[in-house]
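Note sheet for the following structure.
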Amino acid sequence: MSVVNQQEVLASFKVLVSMAKADGKLLEEEFASLADTFEEIHLPEGVTVDRLLNEEDEPIDTLLTQITSEIAQEMVYQSAYAMANIDGECSSEEKELLDKIGATFTSSKLWGKQEWLETLERRSTKSSISEQVRQIDDPDKRAAEVESATTDACFLNAVLGAFPIPGIAIAFDMLIYWNQLDLAQAIGQSWGYDRANENLRKALFGSLGITGTRIAVSNLAKLVPVFGMVVGATTAYASTWALGKVANDYYASGGEMDTFSLRQAFKQAKKEGEAVYKTKADEIAAKKQAIEPQVQLLNEELKAGSITPEEYQVKLKELL
């Protein structure tokens, strides 16, 4: 892997902030999502969340020229793409900036970048989490089923989060997102809500900052050496645990919880999730170790072009 220096890491994070501001404003939920996610990782020495989000923006052309290593260029494009497209509402300003990033980095070997990312965004297969929960009228049975689905999703996502592989990790980060979305929809369904209710999903995920922004920052964080297996697995487990708990409360309230209440409940539940993760850490590490050779083989096959991105996703899910 190419050597990535601190200047590149910092410039890469600043590009994401520029993407968040591409439409001329940084919405409160985008700011909160960036701030919360940056706080979860170890930023380069001397860099603070406040500095990243509030200091005067450097010209995007200047930032892009500071990102010279092949792996950093690849990951910046991946992260920017996820940020712009994951919610299905890529603005003209975001597309313009994304195109500029892609055009600037055309000299690097960004293997199949567009096809690969578009495939991840389409999500080729549906998680089985949703099959575990249907509308349930009995309160005790519903609580037990929701807890079971949440626990399963936590374990699955923690294993995915335990693979901080630069250049490939975006696939794992996006699968974590889809699994969390599926879990939230399944919990809503247990309360009698339509899985396809976009307004409820956007209200919940937007309030909690579970957006393309979180995926983008998490992916770029793999450039920071100390963001390793333990950090990635812990964050994936704890955030999924918190989402399950808060989603259940949200639907129980009839979708009436306000943003402040959701965010406070999520932070508290995330601490609980971190504590629960410690009791599962050995089991998660063992699962990661068991499938690591097969995952490495899949990565090599994908890069060599011997399997398609769709086949990669299917095979990865089969391993898990």
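Simple scheme: letters A, B, ... for chains in structure tokens order, numbers from 1 for residues in each chain, numbers from 1 for ligands in the order shown.
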Give me, as a tab-separated table, each residue of region 165-246 of chain A that comes within 12 Å of region 288-312 of chain A, together with its shortest interatomic pair and the distance in Å at one decimal, counting only C-alpha atoms, with rows ordered by chain and rising residue number.
```
residue	atom	partner	partner_atom	distance
A:Ile165	CA	A:Asn299	CA	9.8
A:Pro166	CA	A:Asn299	CA	11.3
A:Gly167	CA	A:Asn299	CA	9.8
A:Ile168	CA	A:Asn299	CA	7.4
A:Ala169	CA	A:Asn299	CA	10.3
A:Ala171	CA	A:Tyr312	CA	9.5
A:Phe172	CA	A:Val295	CA	11.0
A:Leu175	CA	A:Tyr312	CA	11.9
A:Met229	CA	A:Lys288	CA	9.5
A:Val230	CA	A:Lys288	CA	11.2
A:Ala233	CA	A:Lys288	CA	10.0
```
Worksheet item: Pick from A:Leu243, A:Val224, A:Ala203, A:Ala35: nearest to Leu10 (chain A), with only C-alpha atoms counted?
Response: A:Val224
Worksheet entry | Residue neighbourhood region 57-73 of chain A, 12 Å, only C-alpha atoms, exclusion window fewer than 4 positions, as a PyMOL selection string | chain A and resi 1-22+24+51-53+77-80+96-98+100-111+113+165-169+219-224
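With only C-alpha atoms as the atoms that count, the residue of A:Glu45, A:Glu74, A:Gly88, A:Leu160 with the shortest distance to Lys317 (chain A) is A:Leu160.
Residues in contact range of Val146 (chain A), defined as at most 7 Å between only C-alpha atoms, with sequence neighbours fewer than 4 positions away removed, read Arg142, Thr150 and Ile187 of chain A.
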How would the residues just picked look written out with N, CA, C and O atoms as a PDB file, in the first residue's frame?
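Saved as part31.pdb:
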```pdb
ATOM      1  N   ARG A 142     -43.081  -9.306  20.832  1.00  0.00           N
ATOM      2  CA  ARG A 142     -42.461  -8.291  19.983  1.00  0.00           C
ATOM      3  C   ARG A 142     -41.119  -7.865  20.568  1.00  0.00           C
ATOM      4  O   ARG A 142     -40.123  -7.765  19.845  1.00  0.00           O
ATOM      5  N   THR A 150     -31.932  -7.435  16.772  1.00  0.00           N
ATOM      6  CA  THR A 150     -30.895  -6.443  17.050  1.00  0.00           C
ATOM      7  C   THR A 150     -29.576  -7.108  17.409  1.00  0.00           C
ATOM      8  O   THR A 150     -28.511  -6.713  16.918  1.00  0.00           O
ATOM      9  N   ILE A 187     -37.937  -3.459  12.568  1.00  0.00           N
ATOM     10  CA  ILE A 187     -38.502  -3.080  13.865  1.00  0.00           C
ATOM     11  C   ILE A 187     -39.786  -2.279  13.659  1.00  0.00           C
ATOM     12  O   ILE A 187     -40.793  -2.485  14.351  1.00  0.00           O
TER      13      ILE A 187
END
```
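Proximity ranking of A:Ala252, A:Val47, A:Ala32, A:Leu319 relative to Ser207 (chain A) places A:Ala32 first, based on only C-alpha atoms.
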Worksheet item: Just asking: which residues within region 83-291 of chain A are alpha helix (DSSP H) according to DSSP, as a ChimeraX atom specification?
Response: /A:83-85,92-104,113-122,139-161,169-190,198-208,212-220,229-252,259-291
